[in-house]
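Here is the structure we will look at.
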Amino acid sequence: MMKLKAMLFAGVAIAASLPAAAQAQGAPAATADGNSDIIVTARKRQETLLDVPVAVTAISGDTLARQNINSVREAAALSPGLNISSDGAGRAFVSIRGVGVTLVQTVQPGVGLFIDGIYRPNTAYLNNPLLDVERIEVLRGPQGTLYGKNTLGGAINVITRQPGNDFEARGAASYAGPDNSWLVSGSVSAPIVQDKLAIRIGGAHRQQDGFIRNTTVGGHSNSLNTDSVSGTLRFTPGNDVVVAVNGYYDWIKGHNVPYAWVSGPTDYSRNNNFNTTGITTYKYRGVNARIEAPIEAIDTRVTLLAAYDARDTNSPDSDGDFGPANVVRSTGKDQLRTKTVELRFDTTLNEQLSTLFGLFYSRETFDAAGANTIVPFGLVLPSSDHRVGDTYAAFGTVFWKPTSDWEVALGMRYDHESRRALGAPRLKSNEVEPRLSITRHWNPSLMTYASVARGYRGGGFNAPTAPVRTYQGDSAWTYEVGTKYATSAFSLSGDIFFSDYKHYIGLNSVAPSSAGGLVTVDLNAGHVHSYGAELEARVRPTDNWTISSGLTYMHARLVDSSEYTDVTNRTLSSDHLTFQPDWLYNISSDYVVPLGDNKLTFNASLNGKSKRLAATLNQTTPTFLKGYAVVNGSITFATAKGIEFAVFGNNLFNKKYFDSYIEKTTLQLAGLPASDLGIIGDLRRYGVRASFKF
């Protein structure tokens, strides 16, 4: 992103989550479906929720469809502790328990994202349409022991449906107004050779006009057009051997940070006055393979994963001054390439003792080129960037069950990271990430656990003209106790946690440039303490009525911001973390009316956040965004033949709120016309949906 445009994101503190988990075949659905024996892969093994000493939420594909949720970003409302926002088609900023990453794409994430056990290197996927999803798992707290660096906040694991011996076809289409939002998706899964070879192919198209209009050049400023295709080939030659190959391609056309000039945090303007539409395209593509095979002589299952992922971004004409005057125009392209390999051995030594050991390697290469043009002077300011990062890791966990009621799990991971950039000293780090958990099963329905874990995120580079060329990685120790209770009629899980973050990478700022003027810098802002509690509950008052809810209290505060002041010579107006609410909550009700072999389902849900700190560099007066709650609803008629018809409404009461907000001090420091900038969240949509599966 160009220099002047990057200045707009100064002061943004966010939390990133690159999730993790391996894949479970044919696993049951999520808590909202009333299953007390839910299978998850939080520890890279298939286990029930009651066996996992991790705060984890599982959301089934059926739940996503019933609530008209089409992306991971939208699904975040159903998980305690998870907060995802976006300010552009290819940009998402995500946090778990209050801490994550800045908006700048070159900053390493603090939350891991995995698709079928394969690491995805950037968070833009969180905005993409979900295609053939079996379930989403959200793991809260450091997951470094099994998933490595950059999961200090937690992990998000998306598991897709896998092909098998049965032919299966699925399709769905929906349309909603008033912004012409429509989605078409479909998939086919079928055996090629019975018991040996199966294939799944799926595709989706999503399109919407959005709710922000450009009053300078006309048209919409947050429209979205996406196409996705993916395929999986699964080979099972026998002897419990599985070979799976997956490929995907996502093409996205949207707008670059479509902020509107606003007069304050209650001015919900829908009019953007940029002098260009800021169209940006993104191409994501990749191929990955997984081989699983047993070594019966030593009771070990070996898994080998390999993946290649590519992202290409093209922003040919963007407004660098964010206003109607033609002062600064920006162009930019970038490429990100990621290669990963992982080998692990899951061994059962006896009934009491088992181990999981492995090795990991990844290489990331990033190249960018662009220019800012100062139009009145005809001055072109080119920029370029080249970065390479290598990570080597060894990890292991020992699981000891002295009795059937107790488990002690002790894990350790060693990460060696080497990163380099043009004209900068090489960054190296050697980090150890331990995890200890103790689990007690009181009866088949009730367990408690306690855990302590350390997470780590690697450092990075600023522009060559910045006063601080590099910043170090940050880390967190998290202490957690929790309990889970589950039956077919009622389930409750809760936890309390405390996290101590050192050298927090969560703010960027504006600083003097060695070439004159100002430059954006990412930096270590200081130390953060985050503590709170999370609750999830599901109850079935009757066989036909299910109520699900989640609640999070999260006190995440900067307790020492001296590192920020040392670099910028500025102070912060608040100890809050940008865009992080203290409260998150959701409640959903499903009531089923049987109609012979068919059924009618009434769904209503409410999702909310408390007030949040806007992105601001103001040293005296913080700007807070108001809290909000959004009400959604649907009525679905489902036949015994697998055909469904639904009417739905999202944000039924047309609640106005901001998805992203930048206070005017940032523009003033960048020498741009001073105005607050905001992006409103989606307004009311109402529509129809039809789907089938057979």
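How things are named: the first chain in the structure tokens is A, the next is B, and so on; residues count from 1 in each chain; ligands count from 1 in the order shown.
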
What's around Phe579 (chain A) at 6 Å? Count only C-alpha atoms, leave out sequence neighbours fewer than 4 positions away in its own chain, and write the answer as an mmCIF file with all heavy atoms, in the first residue's frame.
```cif
data_model
loop_
_atom_site.group_PDB
_atom_site.id
_atom_site.type_symbol
_atom_site.label_atom_id
_atom_site.label_comp_id
_atom_site.auth_asym_id
_atom_site.auth_seq_id
_atom_site.Cartn_x
_atom_site.Cartn_y
_atom_site.Cartn_z
ATOM 1 N N ARG A 612 -16.522 0.560 21.277
ATOM 2 C CA ARG A 612 -15.149 0.242 20.860
ATOM 3 C C ARG A 612 -14.390 1.535 20.592
ATOM 4 O O ARG A 612 -14.970 2.530 20.160
ATOM 5 C CB ARG A 612 -15.163 -0.588 19.577
ATOM 6 C CG ARG A 612 -15.818 -1.956 19.701
ATOM 7 C CD ARG A 612 -16.479 -2.364 18.404
ATOM 8 N NE ARG A 612 -17.616 -1.527 18.082
ATOM 9 C CZ ARG A 612 -17.943 -1.151 16.841
ATOM 10 N NH1 ARG A 612 -17.212 -1.525 15.814
ATOM 11 N NH2 ARG A 612 -19.003 -0.385 16.640
ATOM 12 N N LEU A 613 -13.090 1.484 20.822
ATOM 13 C CA LEU A 613 -12.231 2.626 20.527
ATOM 14 C C LEU A 613 -11.969 2.690 19.034
ATOM 15 O O LEU A 613 -11.603 1.693 18.404
ATOM 16 C CB LEU A 613 -10.900 2.503 21.275
ATOM 17 C CG LEU A 613 -9.875 3.617 21.029
ATOM 18 C CD1 LEU A 613 -10.352 4.930 21.634
ATOM 19 C CD2 LEU A 613 -8.507 3.223 21.594
ATOM 20 N N ALA A 614 -12.155 3.852 18.425
ATOM 21 C CA ALA A 614 -11.837 4.039 17.015
ATOM 22 C C ALA A 614 -10.328 4.143 16.831
ATOM 23 O O ALA A 614 -9.574 4.363 17.785
ATOM 24 C CB ALA A 614 -12.519 5.304 16.487
#
```

### Message
Report as a ChimeraX atom specification all protein, DNA and RNA residues lying within 7 Å of Val138 (chain A), evaluated on only C-alpha atoms, omitting residues in the same chain fewer than 2 positions from it.
### Response
/A:56-58,136,140,155-157

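Proximity ranking of A:Gly460, A:Gly218, A:Gly370, A:Pro444 relative to Ser404 (chain A) places A:Pro444 first, based on only C-alpha atoms.
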
### Task
Pull the helix (DSSP H, G or I) assignments for region 540-584 of chain A out of DSSP run on the backbone, and list those residues as a ChimeraX atom specification.
/A:562-568

### Summary
For Asn326 (chain A), the closest of A:Asn70, A:Lys664, A:Phe235, A:Ile374 counting only C-alpha atoms is A:Ile374

### Message
Just list as a ChimeraX atom specification whatever in region 176-278 of chain A DSSP marks as strand (DSSP E).
### Response
/A:176-177,181-193,197-208,213-214,224-238,241-255,260-262,271-272

So that I can check the surroundings of Phe694 (chain A), please list as a PDB file with all heavy atoms, in the first residue's frame every protein, DNA and RNA residue that reaches within 9 Å of it, counting only C-alpha atoms and ignoring chain neighbours fewer than 3 positions away.
```pdb
ATOM      1  N   PHE A 167     -22.783 -40.758  -3.709  1.00  0.00           N
ATOM      2  CA  PHE A 167     -22.988 -39.591  -4.573  1.00  0.00           C
ATOM      3  C   PHE A 167     -23.786 -38.553  -3.795  1.00  0.00           C
ATOM      4  O   PHE A 167     -24.776 -38.859  -3.149  1.00  0.00           O
ATOM      5  CB  PHE A 167     -23.737 -39.978  -5.841  1.00  0.00           C
ATOM      6  CG  PHE A 167     -24.085 -38.794  -6.707  1.00  0.00           C
ATOM      7  CD1 PHE A 167     -23.170 -38.296  -7.618  1.00  0.00           C
ATOM      8  CD2 PHE A 167     -25.325 -38.166  -6.595  1.00  0.00           C
ATOM      9  CE1 PHE A 167     -23.474 -37.198  -8.404  1.00  0.00           C
ATOM     10  CE2 PHE A 167     -25.637 -37.071  -7.381  1.00  0.00           C
ATOM     11  CZ  PHE A 167     -24.711 -36.586  -8.286  1.00  0.00           C
ATOM     12  N   GLU A 168     -23.333 -37.313  -3.860  1.00  0.00           N
ATOM     13  CA  GLU A 168     -24.025 -36.235  -3.169  1.00  0.00           C
ATOM     14  C   GLU A 168     -23.951 -34.972  -4.009  1.00  0.00           C
ATOM     15  O   GLU A 168     -22.886 -34.627  -4.524  1.00  0.00           O
ATOM     16  CB  GLU A 168     -23.409 -35.985  -1.794  1.00  0.00           C
ATOM     17  CG  GLU A 168     -24.147 -34.928  -0.985  1.00  0.00           C
ATOM     18  CD  GLU A 168     -23.530 -34.719   0.387  1.00  0.00           C
ATOM     19  OE1 GLU A 168     -22.437 -34.133   0.459  1.00  0.00           O
ATOM     20  OE2 GLU A 168     -24.132 -35.160   1.386  1.00  0.00           O
ATOM     21  N   ALA A 169     -25.076 -34.310  -4.137  1.00  0.00           N
ATOM     22  CA  ALA A 169     -25.125 -33.026  -4.836  1.00  0.00           C
ATOM     23  C   ALA A 169     -25.805 -32.015  -3.932  1.00  0.00           C
ATOM     24  O   ALA A 169     -26.803 -32.319  -3.269  1.00  0.00           O
ATOM     25  CB  ALA A 169     -25.873 -33.149  -6.158  1.00  0.00           C
ATOM     26  N   ARG A 170     -25.244 -30.813  -3.902  1.00  0.00           N
ATOM     27  CA  ARG A 170     -25.795 -29.726  -3.106  1.00  0.00           C
ATOM     28  C   ARG A 170     -25.849 -28.466  -3.952  1.00  0.00           C
ATOM     29  O   ARG A 170     -24.967 -28.241  -4.790  1.00  0.00           O
ATOM     30  CB  ARG A 170     -24.948 -29.453  -1.856  1.00  0.00           C
ATOM     31  CG  ARG A 170     -24.928 -30.564  -0.831  1.00  0.00           C
ATOM     32  CD  ARG A 170     -23.914 -30.284   0.261  1.00  0.00           C
ATOM     33  NE  ARG A 170     -23.908 -31.316   1.272  1.00  0.00           N
ATOM     34  CZ  ARG A 170     -24.526 -31.251   2.452  1.00  0.00           C
ATOM     35  NH1 ARG A 170     -25.194 -30.141   2.765  1.00  0.00           N
ATOM     36  NH2 ARG A 170     -24.476 -32.231   3.317  1.00  0.00           N
ATOM     37  N   LYS A 641     -37.230 -34.569   1.165  1.00  0.00           N
ATOM     38  CA  LYS A 641     -36.396 -34.857  -0.005  1.00  0.00           C
ATOM     39  C   LYS A 641     -35.116 -34.026  -0.031  1.00  0.00           C
ATOM     40  O   LYS A 641     -34.346 -34.098  -0.987  1.00  0.00           O
ATOM     41  CB  LYS A 641     -37.191 -34.590  -1.284  1.00  0.00           C
ATOM     42  CG  LYS A 641     -38.475 -35.395  -1.405  1.00  0.00           C
ATOM     43  CD  LYS A 641     -38.209 -36.884  -1.590  1.00  0.00           C
ATOM     44  CE  LYS A 641     -39.495 -37.646  -1.854  1.00  0.00           C
ATOM     45  NZ  LYS A 641     -39.242 -39.105  -2.033  1.00  0.00           N
ATOM     46  N   GLY A 642     -34.881 -33.202   1.013  1.00  0.00           N
ATOM     47  CA  GLY A 642     -33.662 -32.406   1.056  1.00  0.00           C
ATOM     48  C   GLY A 642     -33.759 -31.068   0.364  1.00  0.00           C
ATOM     49  O   GLY A 642     -32.735 -30.440   0.074  1.00  0.00           O
ATOM     50  N   ILE A 643     -34.978 -30.602   0.096  1.00  0.00           N
ATOM     51  CA  ILE A 643     -35.184 -29.303  -0.544  1.00  0.00           C
ATOM     52  C   ILE A 643     -35.674 -28.306   0.508  1.00  0.00           C
ATOM     53  O   ILE A 643     -36.528 -28.632   1.335  1.00  0.00           O
ATOM     54  CB  ILE A 643     -36.199 -29.411  -1.697  1.00  0.00           C
ATOM     55  CG1 ILE A 643     -35.679 -30.383  -2.764  1.00  0.00           C
ATOM     56  CG2 ILE A 643     -36.464 -28.040  -2.320  1.00  0.00           C
ATOM     57  CD1 ILE A 643     -36.681 -30.662  -3.871  1.00  0.00           C
TER      58      ILE A 643
END
```

Find the residues near region 669-682 of chain A: any atom within 9 Å, counting only C-alpha atoms, skip ones fewer than 5 places away on the same chain, and give them as a PDB file with N, CA and C atoms, in the first residue's frame.
```pdb
ATOM      1  N   LEU A   4       1.275   7.450   1.438  1.00  0.00           N
ATOM      2  CA  LEU A   4       0.275   8.368   1.977  1.00  0.00           C
ATOM      3  C   LEU A   4      -0.994   7.638   2.361  1.00  0.00           C
ATOM      4  N   MET A   7      -0.705   5.979   5.707  1.00  0.00           N
ATOM      5  CA  MET A   7      -0.795   6.861   6.866  1.00  0.00           C
ATOM      6  C   MET A   7      -2.203   6.882   7.452  1.00  0.00           C
ATOM      7  N   LEU A   8      -3.177   6.562   6.615  1.00  0.00           N
ATOM      8  CA  LEU A   8      -4.548   6.590   7.093  1.00  0.00           C
ATOM      9  C   LEU A   8      -4.801   5.561   8.170  1.00  0.00           C
ATOM     10  N   ASP A  87     -12.422  -3.388   6.234  1.00  0.00           N
ATOM     11  CA  ASP A  87     -12.582  -2.080   5.598  1.00  0.00           C
ATOM     12  C   ASP A  87     -12.275  -2.150   4.106  1.00  0.00           C
ATOM     13  N   GLY A 210     -23.809  -3.290  -2.154  1.00  0.00           N
ATOM     14  CA  GLY A 210     -23.401  -2.615  -0.937  1.00  0.00           C
ATOM     15  C   GLY A 210     -24.263  -1.400  -0.647  1.00  0.00           C
ATOM     16  N   PHE A 211     -23.924  -0.693   0.445  1.00  0.00           N
ATOM     17  CA  PHE A 211     -24.769   0.400   0.927  1.00  0.00           C
ATOM     18  C   PHE A 211     -24.090   1.770   0.880  1.00  0.00           C
ATOM     19  N   ILE A 212     -22.890   1.860   0.307  1.00  0.00           N
ATOM     20  CA  ILE A 212     -22.177   3.133   0.256  1.00  0.00           C
ATOM     21  C   ILE A 212     -22.120   3.608  -1.190  1.00  0.00           C
ATOM     22  N   VAL A 257     -10.706   0.300   0.705  1.00  0.00           N
ATOM     23  CA  VAL A 257     -10.997   1.126   1.879  1.00  0.00           C
ATOM     24  C   VAL A 257     -11.981   2.268   1.585  1.00  0.00           C
ATOM     25  N   PRO A 258     -13.254   1.987   1.377  1.00  0.00           N
ATOM     26  CA  PRO A 258     -14.234   3.009   0.977  1.00  0.00           C
ATOM     27  C   PRO A 258     -14.765   3.836   2.149  1.00  0.00           C
ATOM     28  N   TYR A 259     -13.893   4.612   2.757  1.00  0.00           N
ATOM     29  CA  TYR A 259     -14.301   5.449   3.887  1.00  0.00           C
ATOM     30  C   TYR A 259     -15.108   6.661   3.418  1.00  0.00           C
ATOM     31  N   ALA A 260     -16.056   7.063   4.259  1.00  0.00           N
ATOM     32  CA  ALA A 260     -16.832   8.283   4.024  1.00  0.00           C
ATOM     33  C   ALA A 260     -16.380   9.359   5.006  1.00  0.00           C
ATOM     34  N   TRP A 261     -16.348  10.613   4.549  1.00  0.00           N
ATOM     35  CA  TRP A 261     -16.082  11.731   5.455  1.00  0.00           C
ATOM     36  C   TRP A 261     -17.284  11.887   6.385  1.00  0.00           C
ATOM     37  N   VAL A 262     -17.020  11.884   7.696  1.00  0.00           N
ATOM     38  CA  VAL A 262     -18.108  11.998   8.663  1.00  0.00           C
ATOM     39  C   VAL A 262     -17.722  13.040   9.704  1.00  0.00           C
ATOM     40  N   SER A 263     -18.739  13.556  10.381  1.00  0.00           N
ATOM     41  CA  SER A 263     -18.512  14.628  11.355  1.00  0.00           C
ATOM     42  C   SER A 263     -18.309  14.104  12.768  1.00  0.00           C
ATOM     43  N   GLY A 264     -18.472  12.813  12.969  1.00  0.00           N
ATOM     44  CA  GLY A 264     -18.307  12.242  14.294  1.00  0.00           C
ATOM     45  C   GLY A 264     -18.811  10.817  14.326  1.00  0.00           C
ATOM     46  N   PRO A 265     -18.643  10.115  15.452  1.00  0.00           N
ATOM     47  CA  PRO A 265     -18.972   8.690  15.528  1.00  0.00           C
ATOM     48  C   PRO A 265     -20.458   8.362  15.536  1.00  0.00           C
ATOM     49  N   ASP A 267     -22.379  10.032  13.056  1.00  0.00           N
ATOM     50  CA  ASP A 267     -22.754  10.479  11.711  1.00  0.00           C
ATOM     51  C   ASP A 267     -22.582   9.291  10.764  1.00  0.00           C
ATOM     52  N   TYR A 268     -23.661   8.556  10.534  1.00  0.00           N
ATOM     53  CA  TYR A 268     -23.585   7.326   9.748  1.00  0.00           C
ATOM     54  C   TYR A 268     -23.821   7.613   8.266  1.00  0.00           C
ATOM     55  N   SER A 269     -22.926   8.382   7.704  1.00  0.00           N
ATOM     56  CA  SER A 269     -23.067   8.768   6.310  1.00  0.00           C
ATOM     57  C   SER A 269     -22.834   7.576   5.393  1.00  0.00           C
ATOM     58  N   ARG A 270     -23.643   7.482   4.337  1.00  0.00           N
ATOM     59  CA  ARG A 270     -23.489   6.430   3.334  1.00  0.00           C
ATOM     60  C   ARG A 270     -22.898   6.987   2.051  1.00  0.00           C
ATOM     61  N   ASP A 321      -5.788  10.722  -1.194  1.00  0.00           N
ATOM     62  CA  ASP A 321      -6.103  11.767  -0.218  1.00  0.00           C
ATOM     63  C   ASP A 321      -7.507  11.609   0.359  1.00  0.00           C
ATOM     64  N   PHE A 322      -8.272  10.615  -0.089  1.00  0.00           N
ATOM     65  CA  PHE A 322      -9.566  10.259   0.489  1.00  0.00           C
ATOM     66  C   PHE A 322     -10.574  11.409   0.437  1.00  0.00           C
ATOM     67  N   GLY A 323     -10.591  12.147  -0.665  1.00  0.00           N
ATOM     68  CA  GLY A 323     -11.539  13.242  -0.780  1.00  0.00           C
ATOM     69  C   GLY A 323     -11.862  13.549  -2.233  1.00  0.00           C
ATOM     70  N   VAL A 510       2.449   7.467  12.788  1.00  0.00           N
ATOM     71  CA  VAL A 510       3.115   8.319  11.810  1.00  0.00           C
ATOM     72  C   VAL A 510       4.358   8.901  12.466  1.00  0.00           C
ATOM     73  N   ALA A 511       5.491   8.834  11.755  1.00  0.00           N
ATOM     74  CA  ALA A 511       6.758   9.322  12.310  1.00  0.00           C
ATOM     75  C   ALA A 511       7.522  10.081  11.232  1.00  0.00           C
ATOM     76  N   GLY A 517       9.194  14.706   5.351  1.00  0.00           N
ATOM     77  CA  GLY A 517       7.791  14.390   5.518  1.00  0.00           C
ATOM     78  C   GLY A 517       7.582  13.331   6.584  1.00  0.00           C
ATOM     79  N   LEU A 518       6.534  12.539   6.403  1.00  0.00           N
ATOM     80  CA  LEU A 518       6.155  11.541   7.384  1.00  0.00           C
ATOM     81  C   LEU A 518       6.087  10.159   6.749  1.00  0.00           C
ATOM     82  N   VAL A 519       6.199   9.148   7.594  1.00  0.00           N
ATOM     83  CA  VAL A 519       6.113   7.776   7.125  1.00  0.00           C
ATOM     84  C   VAL A 519       5.365   6.961   8.178  1.00  0.00           C
ATOM     85  N   LEU A 617      -4.991   8.832  16.628  1.00  0.00           N
ATOM     86  CA  LEU A 617      -3.696   9.283  17.123  1.00  0.00           C
ATOM     87  C   LEU A 617      -3.842  10.522  18.003  1.00  0.00           C
ATOM     88  N   ASN A 650     -31.857  -9.777   7.506  1.00  0.00           N
ATOM     89  CA  ASN A 650     -30.685  -9.468   8.319  1.00  0.00           C
ATOM     90  C   ASN A 650     -30.730  -7.999   8.734  1.00  0.00           C
ATOM     91  N   ASN A 651     -30.332  -7.741   9.971  1.00  0.00           N
ATOM     92  CA  ASN A 651     -30.408  -6.391  10.536  1.00  0.00           C
ATOM     93  C   ASN A 651     -31.826  -5.844  10.365  1.00  0.00           C
ATOM     94  N   ASN A 654     -32.661  -2.303  11.037  1.00  0.00           N
ATOM     95  CA  ASN A 654     -31.836  -1.343  10.302  1.00  0.00           C
ATOM     96  C   ASN A 654     -30.906  -0.558  11.229  1.00  0.00           C
ATOM     97  N   LYS A 655     -30.262  -1.293  12.125  1.00  0.00           N
ATOM     98  CA  LYS A 655     -29.358  -0.669  13.087  1.00  0.00           C
ATOM     99  C   LYS A 655     -28.141  -0.107  12.360  1.00  0.00           C
ATOM    100  N   LYS A 656     -27.784   1.128  12.687  1.00  0.00           N
ATOM    101  CA  LYS A 656     -26.627   1.768  12.067  1.00  0.00           C
ATOM    102  C   LYS A 656     -25.426   1.676  13.006  1.00  0.00           C
ATOM    103  N   TYR A 657     -24.291   1.302  12.440  1.00  0.00           N
ATOM    104  CA  TYR A 657     -23.065   1.158  13.226  1.00  0.00           C
ATOM    105  C   TYR A 657     -21.877   1.265  12.278  1.00  0.00           C
ATOM    106  N   PHE A 658     -20.695   1.432  12.842  1.00  0.00           N
ATOM    107  CA  PHE A 658     -19.485   1.527  12.038  1.00  0.00           C
ATOM    108  C   PHE A 658     -18.708   0.213  12.086  1.00  0.00           C
ATOM    109  N   ASP A 659     -18.294  -0.256  10.910  1.00  0.00           N
ATOM    110  CA  ASP A 659     -17.388  -1.392  10.818  1.00  0.00           C
ATOM    111  C   ASP A 659     -15.949  -0.953  11.064  1.00  0.00           C
ATOM    112  N   SER A 660     -15.610   0.256  10.610  1.00  0.00           N
ATOM    113  CA  SER A 660     -14.259   0.790  10.784  1.00  0.00           C
ATOM    114  C   SER A 660     -14.344   2.305  10.875  1.00  0.00           C
ATOM    115  N   TYR A 661     -13.372   2.904  11.577  1.00  0.00           N
ATOM    116  CA  TYR A 661     -13.444   4.348  11.811  1.00  0.00           C
ATOM    117  C   TYR A 661     -12.038   4.870  12.098  1.00  0.00           C
ATOM    118  N   ILE A 662     -11.673   6.006  11.441  1.00  0.00           N
ATOM    119  CA  ILE A 662     -10.373   6.648  11.651  1.00  0.00           C
ATOM    120  C   ILE A 662     -10.614   8.105  12.042  1.00  0.00           C
ATOM    121  N   GLU A 663     -10.130   8.476  13.209  1.00  0.00           N
ATOM    122  CA  GLU A 663     -10.304   9.846  13.701  1.00  0.00           C
ATOM    123  C   GLU A 663      -9.356  10.798  12.960  1.00  0.00           C
ATOM    124  N   LYS A 664      -9.743  12.068  12.824  1.00  0.00           N
ATOM    125  CA  LYS A 664      -9.112  13.003  11.896  1.00  0.00           C
ATOM    126  C   LYS A 664      -7.658  13.346  12.212  1.00  0.00           C
TER     127      LYS A 664
END
```

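Across the model, the gap from CA of Thr151 (chain A) to CA of Gly110 (chain A) is 5.2 Å.
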
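In terms of minimum interatomic distance to Asn180 (chain A), A:Val688 ranks closest within A:Leu356, A:Val593, A:Val133, A:Val688, counting only C-alpha atoms.
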
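With distances restricted to only C-alpha atoms, A:Val107 is the closest residue to Gly473 (chain A) from A:Val647, A:Val327, A:Val107, A:Leu446.
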
#### Entry: region 553-568 of chain A environment, 7 Å, only C-alpha atoms, sequence neighbours closer than 3 positions dropped, as a ChimeraX atom specification
/A:97-98,511,523-534,571,575-577,582-584

Keeping N, CA and C atoms, export the residues of the selection given above as a compact mmCIF listing (two decimals), in the first residue's frame.
```txt
# COMPACT_ATOMS: atom_id res chain seq x y z
N ARG A 97 -9.95 -12.62 21.98
CA ARG A 97 -9.68 -12.13 23.32
C ARG A 97 -8.92 -10.80 23.30
N GLY A 98 -9.18 -9.99 22.27
CA GLY A 98 -8.75 -8.62 22.31
C GLY A 98 -7.45 -8.28 21.64
N ALA A 511 5.49 8.83 11.76
CA ALA A 511 6.76 9.32 12.31
C ALA A 511 7.52 10.08 11.23
N LEU A 523 5.00 -0.92 15.04
CA LEU A 523 5.90 -0.87 16.19
C LEU A 523 5.39 -1.73 17.33
N ASN A 524 6.28 -1.95 18.28
CA ASN A 524 5.91 -2.59 19.54
C ASN A 524 5.35 -1.50 20.45
N ALA A 525 4.05 -1.60 20.75
CA ALA A 525 3.38 -0.52 21.47
C ALA A 525 3.59 -0.60 22.97
N GLY A 526 3.92 -1.78 23.51
CA GLY A 526 4.07 -1.90 24.95
C GLY A 526 3.53 -3.22 25.44
N HIS A 527 3.01 -3.23 26.67
CA HIS A 527 2.51 -4.45 27.29
C HIS A 527 1.00 -4.35 27.46
N VAL A 528 0.34 -5.50 27.29
CA VAL A 528 -1.12 -5.58 27.39
C VAL A 528 -1.49 -6.67 28.37
N HIS A 529 -2.45 -6.39 29.24
CA HIS A 529 -3.10 -7.39 30.07
C HIS A 529 -4.53 -7.58 29.57
N SER A 530 -4.90 -8.82 29.33
CA SER A 530 -6.25 -9.12 28.87
C SER A 530 -6.81 -10.21 29.77
N TYR A 531 -7.96 -9.93 30.40
CA TYR A 531 -8.59 -10.96 31.22
C TYR A 531 -10.09 -10.91 31.03
N GLY A 532 -10.75 -12.01 31.35
CA GLY A 532 -12.18 -12.01 31.17
C GLY A 532 -12.77 -13.39 31.34
N ALA A 533 -14.01 -13.53 30.87
CA ALA A 533 -14.75 -14.78 30.99
C ALA A 533 -15.58 -14.98 29.73
N GLU A 534 -15.78 -16.25 29.39
CA GLU A 534 -16.57 -16.62 28.21
C GLU A 534 -17.56 -17.71 28.60
N THR A 571 1.83 10.35 22.88
CA THR A 571 1.14 9.52 23.86
C THR A 571 -0.20 9.09 23.30
N ASP A 575 -6.16 3.67 27.03
CA ASP A 575 -5.48 2.39 27.17
C ASP A 575 -6.27 1.26 26.52
N HIS A 576 -7.43 1.56 25.93
CA HIS A 576 -8.20 0.55 25.20
C HIS A 576 -7.46 0.15 23.93
N LEU A 577 -7.76 -1.05 23.44
CA LEU A 577 -7.22 -1.51 22.16
C LEU A 577 -8.22 -1.19 21.06
N ASP A 582 -15.52 -4.49 25.11
CA ASP A 582 -15.44 -5.22 26.37
C ASP A 582 -16.46 -6.36 26.42
N TRP A 583 -17.56 -6.21 25.69
CA TRP A 583 -18.63 -7.22 25.72
C TRP A 583 -18.97 -7.66 24.30
N LEU A 584 -19.12 -8.97 24.14
CA LEU A 584 -19.66 -9.58 22.93
C LEU A 584 -20.78 -10.52 23.36
```
